[in-house]
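Novice: Structure provided below as structure tokens; questions to follow.
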Amino acid sequence: MLPRIAICLLALGLAACQGRNPYTAESTSLPAAPAESTAGEVRGVYPAAALDFSSYRNWSWRGLPAGTAALAPEELQEIVADALEQRGLRASTDLSPATLQVSAAARTETRERQVYDDYGSYYGRGRYGSDYGLWGSRPLVRTYREDVVVVRIELFDAASGNAVWSNQAEARSTGSRAERKDAVRTAVQRALGDYPPR
């Protein structure tokens, strides 16, 4: 009797699932922006048009870069200019005016880094066998302070003045002045690593 009731309930459940699905996979596009609105007033409401980064060929400084205590602004200017040159962006001249304006800044920060080691020992007889023994461990955490150089680079459209791209990166900065300059060079390469965006 019980199996017959279960079969009837199962049949009723399957019959109930045969109805029409009220949910459909339809979507409508976003409506056009109102005519009276401007791009500055409703920023972020409507998706921005995709930028064509291939149109940016030449650049100029928006302001002199801010250096750090370990690096003069002129040195940062030279390092950023070399990195932009490697990415196909040339410094502007009278014949080729700038389509991009570049802003760069570097600062030195102190960070703490922790290293975790787990030391332990075994007492007893038959470590891997079925004999008796005792295992104990003690975590050892070491904290190190290190200096890092943080480089921030921003690119602005020269015609509109709007920011089109920005990024920052850091590199550990220790040792002599030459090693600190190499750290700035590494941070600049990391910051420009994903330019142009894909």
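Chain labels A, B, ... are given in the sequence in which chains occur in the structure tokens; within each chain residues are numbered consecutively from 1, and ligands are likewise numbered from 1 in the order shown.
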Please provide as an NGL selection string all residues within 9 Å of segment 153-166 of chain A, with the sequence filter that same-chain residues fewer than 5 positions apart are discarded (counting only C-alpha atoms).
Specialist: :A and (51 or 56 or 59-60 or 62 or 80 or 98-106 or 188 or 191-192 or 195-197)
Novice: Could you go through segment 128-191 of chain A and tell me which residues DSSP, when run on the backbone, assigns to strand (DSSP E), listing them as an NGL selection string?
Specialist: :A and (133-157 or 163-172)
Novice: Report as a ChimeraX atom specification all protein, DNA and RNA residues lying within 12 Å of Ala178 of chain A, evaluated on only C-alpha atoms, omitting residues in the same chain fewer than 5 positions from it.
Specialist: /A:70-71,75,173,183-185
Novice: Can those selected residues be exported to a file as a compact mmCIF listing (two decimals), in the first residue's frame so that it contains N, CA, C and O atoms?
Specialist:
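Printed below is result_28.txt as written:
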```txt
# COMPACT_ATOMS: atom_id res chain seq x y z
N ALA A 70 65.52 59.74 -0.88
CA ALA A 70 66.58 58.95 -1.49
C ALA A 70 66.71 59.16 -2.99
O ALA A 70 67.64 58.68 -3.60
N LEU A 71 65.75 59.89 -3.58
CA LEU A 71 65.73 60.03 -5.04
C LEU A 71 65.29 61.44 -5.40
O LEU A 71 64.25 61.92 -4.93
N GLU A 75 65.67 62.40 -11.21
CA GLU A 75 65.94 60.97 -11.41
C GLU A 75 64.65 60.20 -11.63
O GLU A 75 64.58 59.33 -12.50
N SER A 173 63.20 48.58 -0.82
CA SER A 173 64.28 49.54 -1.02
C SER A 173 65.26 49.44 0.13
O SER A 173 65.00 49.93 1.22
N ALA A 183 65.38 49.97 -7.09
CA ALA A 183 64.06 49.67 -6.52
C ALA A 183 62.99 50.58 -7.12
O ALA A 183 61.88 50.13 -7.43
N VAL A 184 63.32 51.86 -7.32
CA VAL A 184 62.37 52.77 -7.96
C VAL A 184 62.12 52.33 -9.39
O VAL A 184 60.97 52.33 -9.87
N ARG A 185 63.16 51.94 -10.09
CA ARG A 185 63.01 51.47 -11.47
C ARG A 185 62.10 50.23 -11.51
O ARG A 185 61.22 50.12 -12.37
```
Novice: Report, in Å with one decimal, the straight-line distance from atom CA of Gly193 of chain A to atom CA of Asp147 of chain A.
Specialist: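 One can read the atom CA of Gly193 of chain A to atom CA of Asp147 of chain A distance as 22.0 Å.
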Novice: For Pro139 of chain A, work out the shell of residues within 8 Å, counting only C-alpha atoms and skipping chain neighbours fewer than 4 positions away, then give it as a list in words.
Specialist: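 Surrounding residues, per the criterion: Tyr116, Asp117, Asp118 and Tyr119 of chain A.
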Novice: Point out the residue among A:Ala6, A:Gln77, A:Asn167, A:Lys181 with the least atom-to-atom distance to Ala91 of chain A, counting only C-alpha atoms.
Specialist: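 For Ala91 of chain A, the nearest of the candidates is A:Gln77.
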Novice: Neighbours of Glu112 of chain A within 7 Å (only C-alpha atoms; same-chain residues fewer than 5 positions away dropped), as a PyMOL selection string?
Specialist: chain A and resi 143-146
Novice: Okay, now the selection with N, CA and C atoms, as a compact mmCIF listing (two decimals), in the first residue's frame?
Specialist:
```txt
# COMPACT_ATOMS: atom_id res chain seq x y z
N THR A 143 59.48 39.25 13.26
CA THR A 143 58.97 40.45 12.60
C THR A 143 60.15 41.27 12.09
N TYR A 144 60.09 41.61 10.81
CA TYR A 144 61.15 42.41 10.19
C TYR A 144 60.55 43.72 9.72
N ARG A 145 61.31 44.78 9.87
CA ARG A 145 60.92 46.08 9.33
C ARG A 145 61.75 46.32 8.08
N GLU A 146 61.07 46.75 7.03
CA GLU A 146 61.78 47.02 5.79
C GLU A 146 61.21 48.25 5.12
```
Novice: If we count only C-alpha atoms, what is near Leu89 of chain A at a cut-off of 9 Å, once residues fewer than 3 positions away on the same chain are taken out, given as a VMD selection string?
Specialist: chain A and resid 56 to 59 81 83 to 86
Novice: Select from chain A everything DSSP, run on the backbone, classes as helix (DSSP H, G or I), then give the selection as an MDAnalysis selection string.
Specialist: chainID A and resid 2:16 53:55 73:86 177:191
Novice: Could you state the separation of atom CA of Asp94 of chain A and atom CA of Trp61 of chain A in Å, given to one decimal place?
Specialist: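 Between atom CA of Asp94 of chain A and atom CA of Trp61 of chain A the gap works out to 14.6 Å.
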